[in-house]
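Undergrad: Encoded as structure tokens, here's the structure I'll be asking about.
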Amino acid sequence: MNAARDLPAALLILAVLVYPALFHSGFALGAALMVAGLAIGAVGLVLLLGLAHQLAIGQAAFYMIGGYGSAILTTQYGWDGTSAMLVSALCASAVAYVIGGPILRLRGFVLAIASLALQLLFIALAILLVGITGGASGIPTVPHFSLGPWVVASDLSYYFIAWFLVLAALAIGINIDRSRVGRALRALAADEAGAAASGINTTSYKVLIFVISAAMASIGGSLIVHFLRVIDPTVFGLQFSLDIITAVIIGGMQSVWGGVLGAIVIVALREALRLLEQPAWEVVIMGVLTVVVLIGFRAGVVGAIEALFGAWSRKSESAPGNHELGPAPAALRAPTERRGALLQVEGASRSFGALRAVERVSFAVASGEIVALIGPNGAGKTTLLDTISGHRAFDKGGAVFGGVDITRTMPDAIARAGIARTFQAIRSFDNMSVLENVMCGCHIFSRASFASVSLGLPGAAEDERRLRAVAMRELDFVGLRDVADLRPDQISFGHQRMMELARAMALEPELLLLDEPASGLNDSETEVLAELLLRIRARGVTILLVEHDIRLVMGLADKVVVLDHGEKIAEGTADCVRQDPQVLSAYLGMAA
Amino acid sequence: MPDSAALAQFLLTGLTTGCAYALVALAIVLMFNVSGVVNLAQGEYGALGGLLLASLSAMHLPLALSLALVIAAGLLLGAAQERLTIRPIRSAPQFVLITVTLGVAVAIRGAAFLIWGKDPLNVPGFSGDDVFFLWGALLPIQTIWIWGGTAVLLALVFVGLGFTRIGRAIRACSLNSRAARLMGINPQRMTVLVFAAGGAMSTLGGALIAPLTLASWDSGLTIGLKGLIAAIFGSFRSPGLAVAAGLAIGALESCIAGLGSSEAKDVVLYLILLAALLVMGGVFARGRDRLHVGTSI
Amino acid sequence: MTRITRRDAARLLGGVLSLPAVGAPLMRRAFAEPQDFKIGVIASMTGPAAPFFKEYVEGFQAYAKSWNTRGGVNGRPVSLNINDDESAPAPAANAYRRVAADPDTTLAWVAGPGAGGLAIKAMASELKLPVVSGGAVDTLGIPADPYFFKIAPANRDYMKLYLTWCKERGYKKLAFVLGNDAYGQGEAQIAKEMTASLGLDIAALETFSATDSNFSSQLVRVRSSAPDIVYAAGTGAPGILIYKQYRQLGLKYPLCFMLAALTSAFFQAIGGASEADGVMTPGLLGMLGKQAPGESGKLYDQLVDALGRPASLANSLGWDIGIVTETAIKRSDVSREGIRAALDQVKDLPGINGPITFTPQNHIGQDTRGLAMLKLASGKFVPVDQA
């Protein structure tokens with residue numbers, strides 16, 4: 001238990017309990033219930049927008065599913081409110097799954113427009129299907145919410161149920177935020193290619209969080225409808241969608257607390273303007289606030305409170321610099337017996353338009369070797385590495401890893417199969433600490449189910465401890481223990497390279513692909529790197545590295561493959577290649 | 001079965017509405033290519049153009065002067081949007097930039113509501129409110145202004161992009177802004193230019209169509225959304241495709257309402273969009289290069 | 001990422017927190033003044049239905065003014081607390097809760113589209129604040145909710161008048177252009193039922209949504225159905241555009257417009273009321289102004305006096321709500337319960353738009369006695385047979 005961490009939750013619970021005693025008019029309770037309904041959906045949108053950086057404008061579409069689902073099931077089929085709420089949320093999740101799968105593969109902003117179109121489609125359908133939805137007049141006879149046989153007739157009881165649900169959504173949101181799921185979402189938001197290289201299936205995580213946010217929105221919709229006791233096509237219209245987004249942005253999209261605080265601000269603003277008899281100002285104020293917060297103050301109200309009162313966020317969870325190493329955890333990946341070549345590249349070709357970047361290249365990497373891929377600028381080294389790791393597609397030819405064809409395998413699956421990689425331009429996740437960066441690397445060893453993660457069950461905590469220990473082991477291995485709690489942009493460039501290496505090693509790979517690991521390093525750093533590569537090999541990891549620094553390569557590599565203009569021009573031991581006339585002319589030609 | 005006159009009526013009135021969508025779509029695509037920002041506020045410029053013209057024509061200013069003022073307002077607002085809300089956070093992640101434009105859209109809507117109120121405003125036709133026949137269809141004279149104005153604007157844009165120095169600079173920026181910078185082009189200046197031009201295009205489009213649709217504070221949403229849908233069908237890359245898609249959406253809407261049922265119009269349009277997106281996501285995104293490793297230069 | 005200083009943070013927090021802080025004293029002020037007789041008004045001040053229902057509120061205000069010159073309720077001045085329902089049901093229901101939660105409010109007046117009224121009606125028996133509402137949706141008044149009263153004839157009455165008149169005139173093929181909102185969907189339902197029973201044909205039934213601006217598809221289909229007469233509905237922009245495009249497309253069939261569409265904004269946008277000459281509407285007596293027969297004309301004069309200018313139809317409906325409310329309050333103990341019971345007993349009370357009667361089974365206050373087929377001639381409504 002951590003006081004700084006639990007204080008906000010304690011304060012919120014206290015506020016929820018005290019509020020009805022201070023403001024007991026129906027009006028005040030009504031406002032608090034609207035806040036609750038908005039807050040649940042806003043928490044879901046924080047996960048989607050703040051963590052995964054996916055903008056969905058039409059979240060009210062899922063409120064409609066919840067609202068209409070509850071209204072129809074309770075009025076026409078006599079269900080109790082709770083079952084209707086849960087079944088509607090399942091429907092919303094199913095819809096999100098079906099449309100999210102394909103759309104989230106497309107560029108981020110397509111979701112924004114697709115979700116808006118979905119909402120407008122639902123509105124049109126609600127008007128059209130008079131027999132089911134009551135058409136434009138809607139369903140004006142929604143009963144009170146009920147828990148089985150218990151009908152929640154008083155606004156006060158309903159208020160407590162609603163805020164219990166808000167707290168539950170908040171708890172789930174916080175658990176997700178602090179778990180491997182939250183890390184995976186932040187990672188794919190920061191850098192999709194880097195996330196995939198760590199074995200994170202970026203599309204499925206985006207879909208997962210879209211589904212969760214849809215379920216939350218649907219529950220918010222059910223809540224509001226049982227409060228209003230009426231649903232029609234305008235209740236969850238465009239303005240409501242904008243309310244959710246504005247709430248998240250003003251509240252602060254980097255923390256799930258932002259959803260709750262933002263909902264309070266939006267409803268307070270609306271009621272204040274109503275009392276001032278200036279409701280016309282609402283829309284323009286919301287728009288301007290959105291712009292101002294995004295430009296000058298992206299952490300929103302939560303960020304402001306943090307800046308004022310200090311520790312209140314995931315940053316404060318772990319006391320800095322106090323990571324017990326403990327006994328080094330055992331290897332997580334099951335060892336496999338390998339015979340012959342670990343990696344076999346056959347006739348690999350890849351072109352970009354008219355440019356043939358890689359042309360019919362074949363070579364093999366034996367288990368336990370260090371193989372270097374060298375060649376002048378533009379020789380196609382990085383492209384070749386990208387095709388092996390799955391980040392780019394082969395045009396022709398392919399690769400076999402440990403006897404399995406990985407030619408058409410997605411990068412995250414290749415990572416899970418045991419190929420880790422680093423990038424020429426460092427792909428760090430700047431939105432989390434160095435330690436968390438490396439924990440993303442051992443993401444694939446997480447065993448806790450999503451349910452136990454989101455409910456914060458003991459298994460999830462145990463899992464976190466395990467991943468943390470593995471990550472610390474790797475940070476220790478590369479000598480970065482001391483900077484574990486800093487952010488990547490706060491450490492030196494050389495350290496960033498080491499961090500990326502640690503992240504790759506956390507995957508416990510059989511094969512490590514390194515793209516110019518020494519570029520940007522000074523001489524002493526390069527020496528440390530060379531020594532580190534030997535230690536990596538000593539751990540039984542095979543290395544394929546692309547490198548410019550010939551001295552480094554010559555000292556380390558068991559075998560050298562030379563590319564020029566996309567074609568392999570030589571292969572052999574370092575000494576052998578050094579005397580190859582074709583290699584000499586390629587390098588001299590470059591120098592000339 | 002509807003006769004050919006009815007068919008012509010659906011198609012031609014649909015194309016007229018489509019002109020407004022096409023101009024918005026074109027502006028969105030140009031802005032996206034140069035700046036990487038999807039401007040969700042673009043439809044609001046259309047609404048503003050109509051409202052401004054309504055106010056100006058109520059003051060009995062000459063038409064040419066009114067239109068010039070509408071264009072000037074579009075130029076200024078577009079440039080202001082870029083300078084005030086895009087440039088300060090140029091390096092922010094893309095989703096933040098898009099969300100900011102959403103905030104701008106809401107702010108413009110709210111301001112229009114405050115200034116012009118909720119009642120739809122009448123705008124007299126540029127050459128009166130008479131009608132003419134074309135292939136059996138009866139069309140208001142204003143239709144000619146809309147088609148002509150759109151054609152002139154499109155010609156200006158495409159000729160400008162293809163054959164002028166600035167047009168080449170804009171195209172260079174959209175291909176690769178770093179390379180363009182190395183060639184002495186200032187991408188920031190191009191961005192503000194494109195925002196200003198896009199703003200003017202959309203306000204003029206909104207002003208052209210206002211005599212047929214009335215000017216209303218909340219009309220920006222429909223125009224903007226249809227423009228965005230058209231831009232999606234143009235893959236956010238091809239200005240020509242986006243314009244064609246905008247015109248097609250207008251015609252399609254009108255034909256669905258006329259040939260099918262007017263009730264199903266919205267349902268059909270949004271179903272087509274979603275289905276198209278699902279297909280695009282399901283089929284075209286299969287290739288593995290979707291994870292941009294980054295263009296090397 | 002911009003770094004946040006404490007000062008910035010304090011400013012933002014201060015700004016956000018001051019919103020409710022500004023609201024609190026106002027809230028107190030709003031609930032002060034208990035000596036007033038407070039009526040909670042729930043009306044469409046914004047949104048598509050606003051042009052019509054804002055005029056209702058003008059009628060309310062005029063009535064409250066004249067009521068106060070008579071001394072108000074037992075010497076307490078009548079004050080109106082106006083709440084916007086944004087032309088949508090959910091804000092209407094919310095506003096009703098808010099009004100009902102104020103112990104100083106004894107009564108609510110409602111002027112908004114039918115769906116909002118229905119949402120309020122669904123809660124009326126629970127919150128027990130009596131409501132006198134306008135609106136034309138039948139189900140507002142039948143089945144009757146003990147706390148919800150509706151003046152003005154219902155949709156069914158308008159349609160009945162229109163269709164029987166069509167039958168008398170020999171119009172057999174009827175075309176309809178209706179909105180897809182609650183009002184339009186209700187009208188479509190009634191039209192289908194009644195034409196069948198009267199032996200008339202629906203040649204075309206077209207619908208549109210409130211955001212549409214291009215109605216040529218609907219109108220071309222109307223044209224190809226070659227009807228004897230066209231009935232069009234649609235408030236705000238759609239009403240105006242349907243009318244303009246009907247003329248532009250050169251449709252020559254007799255045109256009957258839904259009453260609520262013919263607002264001053266409508267006439268202004270089409271270039272003046274005389275531009276709409278020949279348009280018919282199944283109308284209320286209030287639209288005839290001074291020319292209305294009997295009591296109606298006299299009551300109309302009182303409205304004009306209070307308003308200080310010629311009154312619109314919605315003004316007169318607002319005034320009728322005032323009439324029935326004042327009468328019921330006079331016959332009651334001025335409690336919520338007492339006013340409700342008194343409203344239930346109102347019988348044949350003269351109103352501008354026909355006599356008002358409530359029974360415990362029927363809370364639709366007026367009927368076809370308040371209706372007449374009207375026509376616009378030289379910018380004025382006259383009985384259709386006069387023209």
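Residues are named by chain letter and number: chains run A, B, ... in the order of the structure tokens, numbers start at 1 in each chain, and ligands are numbered from 1 in the order shown.
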Near Asp558 (chain A), counting only C-alpha atoms, which residues have an atom at most 7 Å away, once you skip same-chain residues fewer than 5 positions from it, shown as JSON, numbers by chain?
TA: {"A": [369, 370, 371, 573]}
Undergrad: With C-alpha atoms retained, could you export that selection as a compact mmCIF listing (two decimals), in the first residue's frame?
TA:
```txt
# COMPACT_ATOMS: atom_id res chain seq x y z
CA GLU A 369 27.77 -17.41 -34.36
CA ILE A 370 28.24 -13.67 -34.68
CA VAL A 371 27.58 -12.81 -38.30
CA THR A 573 35.68 -15.03 -42.42
```
Undergrad: Quick one: which residues from chain A are at most 9 Å off chain C, using only C-alpha atoms, as a short mmCIF file (atom, residue, chain, number, x, y, z; two decimals) with C-alpha atoms, in the first residue's frame?
TA:
```cif
data_model
loop_
_atom_site.label_atom_id
_atom_site.label_comp_id
_atom_site.auth_asym_id
_atom_site.auth_seq_id
_atom_site.Cartn_x
_atom_site.Cartn_y
_atom_site.Cartn_z
CA SER A 25 -31.82 18.46 -4.02
CA GLY A 26 -32.97 16.33 -6.91
CA PHE A 27 -31.18 18.74 -9.17
CA ALA A 28 -27.80 18.20 -7.49
CA GLY A 30 -29.27 14.54 -11.12
CA ILE A 127 -35.16 6.82 -36.32
CA LEU A 128 -35.94 4.26 -39.00
CA VAL A 130 -39.86 2.57 -35.35
CA GLY A 134 -39.94 3.89 -31.04
CA GLY A 135 -38.54 5.96 -33.91
CA ALA A 136 -37.91 9.61 -33.33
CA SER A 137 -40.11 9.75 -30.23
CA GLY A 138 -37.99 7.03 -28.68
CA ILE A 139 -38.98 5.01 -25.67
CA PRO A 140 -40.40 7.29 -22.97
CA THR A 141 -41.30 4.60 -20.45
CA VAL A 142 -37.92 3.24 -19.31
CA LEU A 228 -33.54 10.00 -17.62
CA ARG A 229 -36.14 7.24 -17.98
CA VAL A 230 -36.37 8.06 -21.67
CA ILE A 231 -34.24 7.36 -24.71
CA ASP A 232 -34.57 8.82 -28.17
CA THR A 234 -31.03 12.76 -29.84
CA VAL A 235 -29.98 11.77 -26.29
CA VAL A 265 -15.85 19.96 -15.13
CA ALA A 268 -20.33 21.88 -13.77
CA LEU A 269 -19.68 24.20 -16.72
CA GLU A 271 -24.99 23.86 -15.07
CA ALA A 272 -23.13 27.06 -14.23
CA LEU A 273 -23.92 28.51 -17.66
CA ARG A 274 -27.53 27.49 -17.25
CA LEU A 275 -27.72 29.33 -13.97
CA LEU A 276 -26.03 32.34 -15.53
CA PRO A 279 -26.24 28.39 -22.24
CA ALA A 280 -25.33 29.57 -25.73
CA ILE A 295 -1.70 23.38 -26.96
CA GLY A 296 -0.50 24.62 -23.62
CA PHE A 297 -1.45 22.13 -21.01
CA ARG A 298 -1.76 18.62 -22.34
CA ALA A 299 -1.88 16.98 -18.92
CA GLY A 300 -5.15 18.79 -18.20
CA VAL A 301 -6.67 19.16 -14.76
CA GLY A 303 -1.61 17.41 -14.62
CA ALA A 304 -2.39 20.70 -12.90
CA ILE A 305 -3.21 18.96 -9.63
CA GLU A 306 -0.06 16.86 -9.92
CA ALA A 307 2.03 19.94 -10.50
CA LEU A 308 0.45 21.57 -7.46
#
```
Undergrad: With chain B as the partner and 6 Å as the cut-off, tabulate the residues of chain C that qualify, each row holding the nearest pair of atoms and their distance in Å to one decimal, using only C-alpha atoms, sorted by chain and rising number, as a tab-separated table.
TA:
```
residue	atom	partner	partner_atom	distance
C:Thr207	CA	B:Ser262	CA	5.9
C:Ser213	CA	B:Thr213	CA	5.2
C:Ser217	CA	B:Gly258	CA	4.3
C:Ala237	CA	B:Pro120	CA	5.8
C:Leu249	CA	B:Leu138	CA	5.7
C:Ala269	CA	B:Asn122	CA	5.1
```
Undergrad: Pull the closest atom pair for each residue of chain B that gets at most 8 Å from chain A, along with the distance in Å to one decimal, counting only C-alpha atoms, ordering rows by chain and then ascending residue number, as a Markdown table.
TA:
```
| residue | atom | partner | partner_atom | distance |
| --- | --- | --- | --- | --- |
| B:Val38 | CA | A:Phe109 | CA | 7.7 |
| B:Thr85 | CA | A:Ile295 | CA | 7.0 |
| B:Pro88 | CA | A:Ile295 | CA | 7.0 |
| B:Ile89 | CA | A:Ile295 | CA | 6.2 |
| B:Phe95 | CA | A:His53 | CA | 6.2 |
| B:Val96 | CA | A:Leu294 | CA | 7.0 |
| B:Ile98 | CA | A:Phe109 | CA | 7.7 |
| B:Thr99 | CA | A:Leu55 | CA | 7.5 |
| B:Val100 | CA | A:Val291 | CA | 5.3 |
| B:Thr101 | CA | A:Val291 | CA | 7.8 |
| B:Leu102 | CA | A:Gly287 | CA | 7.9 |
| B:Gly103 | CA | A:Gly287 | CA | 4.5 |
| B:Val104 | CA | A:Gly287 | CA | 6.0 |
| B:Ala105 | CA | A:Gly287 | CA | 7.2 |
| B:Val106 | CA | A:Gly287 | CA | 4.6 |
| B:Ala107 | CA | A:Gly287 | CA | 4.0 |
| B:Ile108 | CA | A:Val284 | CA | 7.0 |
| B:Arg109 | CA | A:Val284 | CA | 7.0 |
| B:Gly110 | CA | A:Val284 | CA | 3.9 |
| B:Ala111 | CA | A:Val284 | CA | 5.6 |
| B:Phe113 | CA | A:Ala280 | CA | 7.3 |
| B:Leu114 | CA | A:Ala280 | CA | 6.3 |
| B:Leu225 | CA | A:Ile113 | CA | 7.8 |
| B:Leu228 | CA | A:Ile113 | CA | 7.5 |
| B:Ile229 | CA | A:Ile113 | CA | 7.6 |
| B:Ile232 | CA | A:Val110 | CA | 7.7 |
| B:Glu263 | CA | A:Leu128 | CA | 6.9 |
| B:Ala264 | CA | A:Leu128 | CA | 7.7 |
| B:Asp266 | CA | A:Ala124 | CA | 6.3 |
| B:Val267 | CA | A:Leu121 | CA | 5.5 |
| B:Tyr270 | CA | A:Leu121 | CA | 5.8 |
| B:Leu271 | CA | A:Leu121 | CA | 7.2 |
| B:Leu273 | CA | A:Ala117 | CA | 7.7 |
| B:Leu274 | CA | A:Ala114 | CA | 6.5 |
| B:Leu277 | CA | A:Ile103 | CA | 6.3 |
| B:Leu278 | CA | A:Pro102 | CA | 5.2 |
| B:Val279 | CA | A:Pro102 | CA | 7.4 |
| B:Met280 | CA | A:Pro102 | CA | 7.6 |
| B:Gly281 | CA | A:Pro102 | CA | 4.2 |
| B:Gly282 | CA | A:Pro102 | CA | 4.9 |
| B:Ala285 | CA | A:Arg105 | CA | 6.2 |
| B:Gly287 | CA | A:Ala393 | CA | 7.1 |
| B:Arg288 | CA | A:Ala393 | CA | 5.5 |
| B:Asp289 | CA | A:Arg392 | CA | 4.9 |
| B:Arg290 | CA | A:Arg105 | CA | 7.9 |
| B:Leu291 | CA | A:Ala193 | CA | 5.6 |
| B:His292 | CA | A:Ala193 | CA | 6.6 |
| B:Val293 | CA | A:Ala193 | CA | 6.0 |
```
Undergrad: How would the residues just picked look written out with C-alpha atoms as a PDB file, in the first residue's frame?
TA:
```pdb
ATOM      1  CA  VAL B  38      -6.496  16.078 -40.973  1.00  0.00           C
ATOM      2  CA  THR B  85      -3.359  26.134 -33.201  1.00  0.00           C
ATOM      3  CA  PRO B  88       2.739  25.990 -31.659  1.00  0.00           C
ATOM      4  CA  ILE B  89       2.479  22.196 -31.373  1.00  0.00           C
ATOM      5  CA  PHE B  95      -3.578  12.398 -32.876  1.00  0.00           C
ATOM      6  CA  VAL B  96      -3.098  15.555 -30.803  1.00  0.00           C
ATOM      7  CA  ILE B  98      -6.207  16.107 -35.187  1.00  0.00           C
ATOM      8  CA  THR B  99      -7.921  16.521 -31.841  1.00  0.00           C
ATOM      9  CA  VAL B 100      -6.966  20.194 -31.826  1.00  0.00           C
ATOM     10  CA  THR B 101      -8.725  20.686 -35.144  1.00  0.00           C
ATOM     11  CA  LEU B 102     -11.796  19.065 -33.606  1.00  0.00           C
ATOM     12  CA  GLY B 103     -11.624  21.627 -30.816  1.00  0.00           C
ATOM     13  CA  VAL B 104     -11.347  24.396 -33.412  1.00  0.00           C
ATOM     14  CA  ALA B 105     -14.421  22.998 -35.183  1.00  0.00           C
ATOM     15  CA  VAL B 106     -16.406  23.068 -31.960  1.00  0.00           C
ATOM     16  CA  ALA B 107     -15.222  26.599 -31.181  1.00  0.00           C
ATOM     17  CA  ILE B 108     -16.214  27.873 -34.641  1.00  0.00           C
ATOM     18  CA  ARG B 109     -19.612  26.189 -34.349  1.00  0.00           C
ATOM     19  CA  GLY B 110     -20.168  27.734 -30.944  1.00  0.00           C
ATOM     20  CA  ALA B 111     -19.085  31.156 -32.154  1.00  0.00           C
ATOM     21  CA  PHE B 113     -24.242  30.053 -32.923  1.00  0.00           C
ATOM     22  CA  LEU B 114     -23.483  33.032 -30.686  1.00  0.00           C
ATOM     23  CA  LEU B 225     -18.258  14.853 -42.596  1.00  0.00           C
ATOM     24  CA  LEU B 228     -13.920  13.797 -44.890  1.00  0.00           C
ATOM     25  CA  ILE B 229     -15.573  10.688 -46.272  1.00  0.00           C
ATOM     26  CA  ILE B 232     -10.955   8.896 -47.244  1.00  0.00           C
ATOM     27  CA  GLU B 263     -35.602   7.357 -45.123  1.00  0.00           C
ATOM     28  CA  ALA B 264     -32.824   4.945 -45.995  1.00  0.00           C
ATOM     29  CA  ASP B 266     -28.302   8.110 -44.398  1.00  0.00           C
ATOM     30  CA  VAL B 267     -28.309   4.443 -43.465  1.00  0.00           C
ATOM     31  CA  TYR B 270     -22.884   5.272 -43.780  1.00  0.00           C
ATOM     32  CA  LEU B 271     -23.156   1.537 -44.381  1.00  0.00           C
ATOM     33  CA  LEU B 273     -18.562   3.975 -45.882  1.00  0.00           C
ATOM     34  CA  LEU B 274     -18.169   1.465 -43.067  1.00  0.00           C
ATOM     35  CA  LEU B 277     -13.374   0.894 -44.538  1.00  0.00           C
ATOM     36  CA  LEU B 278     -13.755  -2.673 -43.331  1.00  0.00           C
ATOM     37  CA  VAL B 279     -12.719  -3.940 -46.744  1.00  0.00           C
ATOM     38  CA  MET B 280      -9.786  -1.519 -46.912  1.00  0.00           C
ATOM     39  CA  GLY B 281      -8.666  -2.553 -43.442  1.00  0.00           C
ATOM     40  CA  GLY B 282      -9.204  -6.218 -44.092  1.00  0.00           C
ATOM     41  CA  ALA B 285      -3.727  -3.639 -44.789  1.00  0.00           C
ATOM     42  CA  GLY B 287       0.829  -6.193 -46.359  1.00  0.00           C
ATOM     43  CA  ARG B 288       3.442  -6.087 -43.645  1.00  0.00           C
ATOM     44  CA  ASP B 289       4.857  -2.688 -44.447  1.00  0.00           C
ATOM     45  CA  ARG B 290       1.901  -1.171 -42.571  1.00  0.00           C
ATOM     46  CA  LEU B 291       4.222  -0.814 -39.631  1.00  0.00           C
ATOM     47  CA  HIS B 292       6.133   2.120 -40.940  1.00  0.00           C
ATOM     48  CA  VAL B 293       9.756   1.490 -40.232  1.00  0.00           C
TER      49      VAL B 293
END
```
Undergrad: What's around Ser88 (chain A) at 9 Å? Count only C-alpha atoms, leave out sequence neighbours fewer than 5 positions away in its own chain, and write the answer as a ChimeraX atom specification.
TA: /A:65-70,73,83,93,215,218-219,222
